[in-house]
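Participant: So I've got this file, entry.txt, and it contains compact mmCIF, C-alpha atoms:
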```txt
# COMPACT_ATOMS: atom_id res chain seq x y z
CA MET A 187 24.31 -2.22 3.61
CA ARG A 188 22.41 -3.68 6.55
CA THR A 189 19.12 -5.37 5.79
CA ARG A 190 17.45 -3.78 8.81
CA ALA A 191 18.50 -0.26 7.77
CA LEU A 192 17.21 -0.82 4.26
CA ARG A 193 13.91 -2.13 5.60
CA TYR A 194 13.51 0.85 7.94
CA PHE A 195 14.32 3.27 5.14
CA GLU A 196 11.81 1.59 2.80
CA VAL A 197 8.96 1.81 5.31
CA VAL A 198 9.69 5.46 6.06
CA ALA A 199 9.64 6.15 2.32
CA GLN A 200 6.31 4.34 1.96
CA GLU A 201 4.68 5.96 5.01
CA GLY A 202 6.18 9.42 4.51
CA SER A 203 6.89 9.76 8.22
CA ILE A 204 9.26 8.22 10.78
CA ARG A 205 6.48 8.13 13.37
CA ARG A 206 4.09 6.27 11.06
CA ALA A 207 6.90 3.92 10.07
CA ALA A 208 7.54 3.25 13.76
CA ASP A 209 3.89 2.26 14.20
CA VAL A 210 4.12 -0.12 11.25
CA LEU A 211 7.42 -1.68 12.37
CA HIS A 212 6.61 -1.63 16.11
CA VAL A 213 9.95 -0.05 16.99
CA ALA A 214 10.91 3.27 18.53
CA PRO A 215 11.13 6.28 16.16
CA SER A 216 14.64 7.00 17.48
CA ALA A 217 15.81 3.54 16.37
CA ILE A 218 14.54 4.19 12.86
CA SER A 219 16.19 7.64 12.77
CA ARG A 220 19.53 6.12 13.81
CA GLN A 221 19.38 3.42 11.14
CA VAL A 222 18.51 5.89 8.38
CA GLN A 223 21.29 8.23 9.57
CA LYS A 224 23.83 5.38 9.52
CA LEU A 225 22.69 4.49 6.02
CA GLU A 226 23.25 8.07 4.88
CA GLU A 227 26.70 8.11 6.50
CA GLN A 228 27.61 4.83 4.87
CA LEU A 229 26.52 6.03 1.43
CA SER A 230 27.72 9.63 1.94
CA VAL A 231 24.45 11.03 0.61
CA THR A 232 21.28 12.61 1.97
CA LEU A 233 18.38 10.20 1.46
CA MET A 234 15.52 12.15 3.02
CA GLN A 235 14.61 15.71 3.87
CA ARG A 236 12.12 16.73 6.53
CA HIS A 237 9.23 18.92 5.36
CA LYS A 238 5.85 19.94 6.74
CA GLN A 239 4.32 17.07 4.76
CA GLY A 240 6.74 14.59 6.36
CA MET A 241 9.88 12.91 5.10
CA LEU A 242 10.47 13.46 1.37
CA LEU A 243 12.97 11.45 -0.67
CA THR A 244 15.91 13.13 -2.32
CA THR A 245 17.03 11.99 -5.77
CA ALA A 246 19.48 9.61 -4.10
CA GLY A 247 16.72 8.34 -1.80
CA ASP A 248 14.43 7.64 -4.74
CA GLN A 249 17.22 5.70 -6.46
CA LEU A 250 17.85 3.66 -3.31
CA LEU A 251 14.13 2.86 -2.96
CA ARG A 252 14.03 1.57 -6.54
CA PHE A 253 17.19 -0.46 -5.86
CA ILE A 254 15.59 -2.06 -2.76
CA ARG A 255 12.44 -3.00 -4.68
CA ASP A 256 14.45 -4.37 -7.58
CA MET A 257 16.57 -6.39 -5.15
CA ARG A 258 13.43 -7.80 -3.49
CA GLN A 259 11.96 -8.74 -6.85
CA ARG A 260 15.16 -10.54 -7.83
CA GLU A 261 15.11 -12.38 -4.50
CA ASP A 262 11.45 -13.35 -5.00
CA TYR A 263 12.21 -14.47 -8.53
CA PHE A 264 15.15 -16.60 -7.38
CA LEU A 265 13.19 -18.19 -4.54
CA SER A 266 10.21 -18.81 -6.80
CA HIS A 267 12.40 -20.58 -9.32
CA LEU A 268 13.80 -22.75 -6.57
CA ALA A 269 10.20 -23.57 -5.71
CA ASP A 270 9.45 -24.16 -9.41
CA ALA A 271 12.17 -26.78 -9.48
CA GLU A 272 10.34 -28.52 -6.65
CA ALA A 273 7.02 -28.39 -8.53
CA LEU A 274 5.58 -25.52 -6.44
CA LYS A 275 6.17 -27.32 -3.15
CA THR A 276 7.25 -24.11 -1.37
CA GLY A 277 7.29 -20.36 -1.82
CA THR A 278 4.99 -17.38 -1.36
CA LEU A 279 2.56 -15.75 -3.77
CA ARG A 280 1.38 -12.23 -2.92
CA LEU A 281 -2.02 -11.14 -4.20
CA ALA A 282 -3.97 -7.88 -3.92
CA THR A 283 -7.67 -7.63 -4.67
CA GLY A 284 -10.71 -5.45 -4.31
CA GLY A 285 -13.28 -6.54 -1.74
CA GLY A 286 -15.91 -7.49 -4.31
CA PHE A 287 -13.81 -10.42 -5.52
CA ILE A 288 -13.26 -12.12 -2.14
CA SER A 289 -15.89 -14.87 -2.22
CA ASP A 290 -15.18 -15.64 -5.86
CA LEU A 291 -11.39 -15.59 -5.48
CA ILE A 292 -11.11 -17.56 -2.23
CA GLY A 293 -13.98 -19.99 -2.91
CA ASN A 294 -12.73 -20.86 -6.37
CA ALA A 295 -9.20 -19.97 -7.50
CA ILE A 296 -7.35 -19.84 -4.17
CA ALA A 297 -9.11 -22.90 -2.73
CA ASP A 298 -8.32 -25.02 -5.80
CA PHE A 299 -4.74 -23.72 -5.95
CA ALA A 300 -4.18 -24.45 -2.24
CA ARG A 301 -5.49 -28.00 -2.53
CA THR A 302 -3.07 -28.72 -5.37
CA TYR A 303 -0.07 -26.81 -3.97
CA PRO A 304 -0.46 -26.84 -0.16
CA GLY A 305 3.17 -25.84 0.39
CA VAL A 306 2.82 -22.48 -1.32
CA ARG A 307 1.85 -19.69 1.08
CA ILE A 308 -0.56 -17.04 -0.17
CA ASP A 309 -0.44 -13.48 1.17
CA LEU A 310 -3.72 -11.74 0.33
CA ASN A 311 -4.19 -7.97 0.67
CA ILE A 312 -7.79 -6.67 0.41
CA CYS A 313 -8.12 -3.00 -0.47
CA GLY A 314 -9.57 -0.44 -2.87
CA GLY A 315 -8.75 -0.43 -6.57
CA ASP A 316 -6.20 2.39 -6.43
CA GLU A 317 -4.33 0.62 -3.63
CA VAL A 318 -4.33 -2.66 -5.59
CA ILE A 319 -2.63 -0.88 -8.48
CA ARG A 320 -0.11 0.74 -6.13
CA LEU A 321 0.80 -2.57 -4.49
CA VAL A 322 1.35 -4.20 -7.88
CA GLN A 323 3.25 -1.21 -9.22
CA ASP A 324 5.55 -1.15 -6.16
CA ASP A 325 6.15 -4.94 -6.27
CA GLU A 326 4.36 -5.47 -2.96
CA ALA A 327 2.03 -7.87 -4.79
CA GLU A 328 2.83 -10.09 -7.76
CA LEU A 329 -0.76 -10.13 -9.03
CA GLY A 330 -3.71 -7.83 -8.52
CA ILE A 331 -7.42 -8.14 -9.33
CA VAL A 332 -9.16 -4.86 -9.93
CA PHE A 333 -12.47 -3.59 -11.25
CA HIS A 334 -12.29 -1.18 -14.20
CA GLN A 335 -8.58 -0.41 -14.22
CA HIS A 336 -7.65 3.11 -15.31
CA ASN A 337 -4.92 3.41 -17.92
CA ASN A 338 -1.62 2.97 -16.11
CA ALA A 339 1.69 2.71 -17.93
CA CYS A 340 3.24 0.74 -15.05
CA VAL A 341 0.88 -2.26 -15.05
CA GLU A 342 -0.42 -4.65 -17.69
CA SER A 343 -3.52 -6.84 -17.83
CA LEU A 344 -3.02 -10.61 -17.97
CA LEU A 345 -6.78 -11.25 -18.08
CA THR A 346 -9.69 -8.96 -18.92
CA CYS A 347 -13.42 -9.65 -18.87
CA ARG A 348 -16.32 -7.28 -19.45
CA GLN A 349 -18.45 -6.97 -16.30
CA PRO A 350 -21.15 -4.27 -16.37
CA LEU A 351 -22.51 -2.68 -13.22
CA VAL A 352 -26.10 -3.48 -12.22
CA LEU A 353 -28.59 -2.05 -9.76
CA MET A 354 -28.93 -4.20 -6.62
CA VAL A 355 -32.18 -4.14 -4.64
CA SER A 356 -33.88 -6.33 -2.05
CA PRO A 357 -36.53 -8.76 -3.41
CA GLU A 358 -39.21 -6.74 -1.55
CA HIS A 359 -38.16 -3.41 -3.05
CA ARG A 360 -40.69 -1.73 -5.36
CA LEU A 361 -38.16 -1.86 -8.23
CA ALA A 362 -37.56 -5.62 -7.91
CA THR A 363 -40.01 -6.41 -10.72
CA CYS A 364 -38.01 -4.34 -13.22
CA THR A 365 -35.54 -6.00 -15.61
CA GLU A 366 -33.82 -2.89 -16.98
CA LEU A 367 -33.52 0.73 -15.83
CA SER A 368 -31.41 3.82 -16.38
CA LEU A 369 -29.80 5.39 -13.34
CA GLN A 370 -31.67 8.61 -14.12
CA GLU A 371 -34.92 6.72 -13.48
CA VAL A 372 -33.82 5.73 -9.97
CA ALA A 373 -31.70 8.75 -9.06
CA GLY A 374 -34.29 9.76 -6.46
CA GLU A 375 -33.88 6.49 -4.53
CA THR A 376 -31.85 6.19 -1.34
CA PHE A 377 -28.43 4.70 -2.13
CA ALA A 378 -25.73 2.81 -0.26
CA VAL A 379 -22.30 3.32 -1.84
CA LEU A 380 -18.65 2.42 -1.45
CA THR A 381 -16.01 5.00 -0.54
CA GLU A 382 -14.00 6.88 -3.16
CA ALA A 383 -11.10 4.44 -2.73
CA PHE A 384 -13.07 1.99 -4.89
CA HIS A 385 -13.26 2.28 -8.67
CA ILE A 386 -17.00 1.51 -8.54
CA ARG A 387 -17.61 4.65 -6.49
CA GLN A 388 -15.33 6.66 -8.78
CA LEU A 389 -17.47 5.58 -11.75
CA LEU A 390 -20.63 6.65 -9.92
CA THR A 391 -19.05 10.03 -9.25
CA LEU A 392 -18.14 10.28 -12.94
CA TRP A 393 -21.76 9.50 -13.83
CA GLU A 394 -23.03 12.10 -11.34
CA ASN A 395 -20.76 14.78 -12.81
CA LYS A 396 -21.67 13.88 -16.37
CA SER A 397 -25.42 13.72 -15.67
CA ARG A 398 -25.41 16.62 -13.21
CA ILE A 399 -27.43 14.45 -10.84
CA HIS A 400 -26.41 13.91 -7.22
CA LEU A 401 -27.32 10.51 -5.77
CA ARG A 402 -28.66 10.53 -2.22
CA ALA A 403 -26.26 8.25 -0.34
CA GLN A 404 -27.55 7.30 3.11
CA LEU A 405 -24.75 4.82 3.80
CA THR A 406 -21.12 5.04 2.68
CA CYS A 407 -18.74 2.23 3.64
CA ASN A 408 -15.63 0.34 2.55
CA SER A 409 -17.13 -3.14 2.88
CA PHE A 410 -18.99 -5.02 0.16
CA ASP A 411 -20.58 -7.29 2.77
CA ALA A 412 -21.87 -4.32 4.78
CA LEU A 413 -23.19 -2.71 1.61
CA LYS A 414 -25.09 -5.84 0.57
CA LEU A 415 -26.49 -6.41 4.06
CA TYR A 416 -27.83 -2.86 4.15
CA VAL A 417 -29.47 -3.23 0.72
CA ARG A 418 -31.09 -6.47 1.91
CA THR A 419 -32.96 -4.47 4.56
CA GLY A 420 -34.79 -2.65 1.77
CA LEU A 421 -33.65 0.75 3.05
CA ALA A 422 -31.42 1.49 0.06
CA VAL A 423 -30.28 0.34 -3.37
CA THR A 424 -26.73 0.11 -4.66
CA VAL A 425 -24.70 -0.35 -7.84
CA LEU A 426 -22.31 -3.31 -8.05
CA PRO A 427 -21.02 -5.81 -10.61
CA ARG A 428 -23.19 -8.92 -10.69
CA PHE A 429 -20.41 -11.34 -9.71
CA SER A 430 -19.84 -9.52 -6.39
CA ALA A 431 -23.31 -10.64 -5.20
CA SER A 432 -23.69 -13.89 -7.15
CA SER A 433 -24.42 -16.01 -4.07
CA GLU A 434 -27.06 -13.54 -2.80
CA ILE A 435 -28.68 -13.43 -6.25
CA ARG A 436 -28.78 -17.22 -6.40
CA ASP A 437 -30.35 -17.60 -2.96
CA GLY A 438 -32.85 -14.82 -3.65
CA THR A 439 -31.76 -12.34 -0.97
CA LEU A 440 -30.75 -9.74 -3.57
CA HIS A 441 -32.16 -8.90 -6.99
CA ALA A 442 -30.06 -7.52 -9.88
CA ILE A 443 -31.49 -5.11 -12.46
CA ASP A 444 -29.61 -4.33 -15.68
CA LEU A 445 -28.57 -0.72 -16.21
CA VAL A 446 -28.52 1.00 -19.60
CA ASP A 447 -26.09 3.82 -18.79
CA GLU A 448 -22.92 3.55 -20.90
CA VAL A 449 -20.62 4.97 -18.21
CA LEU A 450 -21.65 2.19 -15.82
CA THR A 451 -21.96 -0.76 -18.20
CA ASN A 452 -18.86 -0.39 -20.36
CA THR A 453 -16.74 -1.75 -17.52
CA SER A 454 -14.47 -4.73 -16.99
CA VAL A 455 -12.34 -6.65 -14.50
CA HIS A 456 -8.60 -7.14 -14.81
CA LEU A 457 -5.89 -9.42 -13.49
CA VAL A 458 -2.79 -7.23 -13.50
CA MET A 459 0.93 -7.38 -12.84
CA ARG A 460 3.68 -4.77 -13.05
CA LYS A 461 4.73 -4.20 -16.62
CA GLY A 462 8.07 -5.85 -17.33
CA ARG A 463 7.92 -8.13 -14.29
CA GLN A 464 9.26 -11.62 -14.76
CA THR A 465 6.50 -14.17 -14.23
CA THR A 466 7.04 -17.17 -12.01
CA ALA A 467 5.42 -20.60 -12.18
CA ALA A 468 3.27 -19.69 -9.16
CA MET A 469 2.02 -16.53 -10.90
CA GLN A 470 1.28 -18.36 -14.13
CA THR A 471 -0.46 -21.22 -12.33
CA MET A 472 -2.62 -18.85 -10.29
CA ARG A 473 -3.50 -16.96 -13.47
CA ASP A 474 -4.73 -20.23 -14.99
CA TYR A 475 -6.84 -21.03 -11.90
CA ILE A 476 -8.35 -17.53 -11.92
CA SER A 477 -9.16 -17.79 -15.62
CA ARG A 478 -10.79 -21.23 -15.28
CA THR A 479 -12.66 -20.93 -12.00
CA MET A 480 -13.61 -17.34 -11.14
CA GLU A 481 -17.06 -16.09 -12.10
CA ALA A 482 -15.65 -12.58 -12.51
CA PHE A 483 -13.53 -13.80 -15.44
CA SER A 484 -16.06 -16.14 -17.01
```
I need this file expressed as structure tokens, please.
Facilitator:
Amino acid sequence: MRTRALRYFEVVAQEGSIRRAADVLHVAPSAISRQVQKLEEQLSVTLMQRHKQGMLLTTAGDQLLRFIRDMRQREDYFLSHLADAEALKTGTLRLATGGGFISDLIGNAIADFARTYPGVRIDLNICGGDEVIRLVQDDEAELGIVFHQHNNACVESLLTCRQPLVLMVSPEHRLATCTELSLQEVAGETFAVLTEAFHIRQLLTLWENKSRIHLRAQLTCNSFDALKLYVRTGLAVTVLPRFSASSEIRDGTLHAIDLVDEVLTNTSVHLVMRKGRQTTAAMQTMRDYISRTMEAFS
């Protein structure tokens, strides 16, 4: 089977559409259709069926997709072990993480890892928690860092650390003198929140449904930096884990107030990998750096 045809088929399966796959691959849709058709002719099976929702995999197509991902994992594992033999002088490590970990991850774990192993390339994907889990589950990332992982039979936690959510306000906000509050006490405030792609926002929605209180969100965004900048103006408050704004708390541009709501404080961060995946030296070494250096896991 041709590598190009397999790659085209995999992207169509991931995107659910030949047109979207063409945008990702920067090739003509007709070229992708031809490659998939040749693959079907070679294998004498139907791999995809066209529906209103897009291209859906047949049973044979699903089996081929799993074969491709297994083949890529074996290739990664082989190449990583070649790199291991050279004391991590070469190779690639793919990471996926939520946006709230960026400063902590890059400034501590990745920076220290890169200084020690400059020949190892790091591919970093920044996305919401559900997408982090998907990337790890589909072997598009070896390791993922996620806030408050939901139970998922396909991934396992290598590291876990309790990290409660806190209320973030500007130092000039009228609540800045408080040390502890319940979210019910501040439910009337103007909020800035993340989108539903983030587990933090999903927890807030869970709290809203449980408490039957609707928070007034003036700003909704998918950027932790934008969220924190808006809160610094004093126009809104937000709910985040303390580590995601540690530098702002230290320099006094944001103030953190403990929350007493169980839904929002019984939370944790996780370093995850796909269950059953073979670990490489690069994965294990990065795990050690994350454990030793990141505030989120301290």
Participant: Name all residues at most 7 Å from Pro215 of chain A (count all atoms listed in the file; drop same-chain ones fewer than 4 positions away) and give them as a PyMOL selection string.
Facilitator: chain A and resi 204-205+208+219
Participant: Contacts of segment 411-419 of chain A at 9 Å or less, counting all atoms listed in the file, minus same-chain residues fewer than 6 places along, as a list in words?
Facilitator: Gly285, Gly286, Met354, Val355, Ser356, Pro357, Glu358, Phe377, Ala378, Val379, Leu380, Leu405, Ala431, Glu434, Thr439 and Leu440 of chain A
Participant: Measuring atom to atom with all atoms listed in the file, identify which of A:Ala191, A:Leu450, A:Leu344, A:Leu281 is nearest to His385 of chain A.
Facilitator: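 Residue with the minimum atom-to-atom distance to His385 of chain A: A:Leu450.
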Participant: Name all residues at most 10 Å from Ile399 of chain A (count all atoms listed in the file; drop same-chain ones fewer than 2 positions away) and give them as a PyMOL selection string.
Facilitator: chain A and resi 369-370+373-374+391+393-397+401-402
Participant: So how many Å separate atom CA of Ile254 of chain A and atom CA of Arg193 of chain A, to one decimal?
Facilitator: 8.5 Å
Participant: Give me the residues within 12 Å of Phe287 of chain A as an MDAnalysis selection string, counting only C-alpha atoms and dropping any in the same chain fewer than 6 places off.
Facilitator: chainID A and resid 281 293:296 310:315 330:333 409:411 426:432 455:457 476 480:483
Participant: What is the atom CA of Ser203 of chain A-atom CA of Gln239 of chain A distance in Å, reported with one decimal?
Facilitator: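 Between these atoms lies a distance of 8.5 Å.
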Participant: Rounded to one decimal place, report the atom CA of Gly420 of chain A-atom CA of Asp290 of chain A distance in Å.
Facilitator: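 Going from atom CA of Gly420 of chain A over to atom CA of Asp290 of chain A covers 24.7 Å.
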Participant: In terms of the shortest atom-to-atom distance over all atoms listed in the file, which of A:Leu229, A:Ala199, A:Met459, A:Val306 is closest to Val322 of chain A?
Facilitator: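 With all atoms listed in the file as the atom set, the closest residue is A:Met459.
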Participant: Identify, on the basis of only C-alpha atoms, every residue whose closest approach to Leu242 of chain A does not exceed 9 Å; exclude the query and any residue fewer than 4 positions from it along the same chain; express the result as a list in words.
Facilitator: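 My reading of the contact set: Ala199, Gly202, Ser203, Leu233, Met234, Gln235, Arg236, His237 and Gly247 of chain A.
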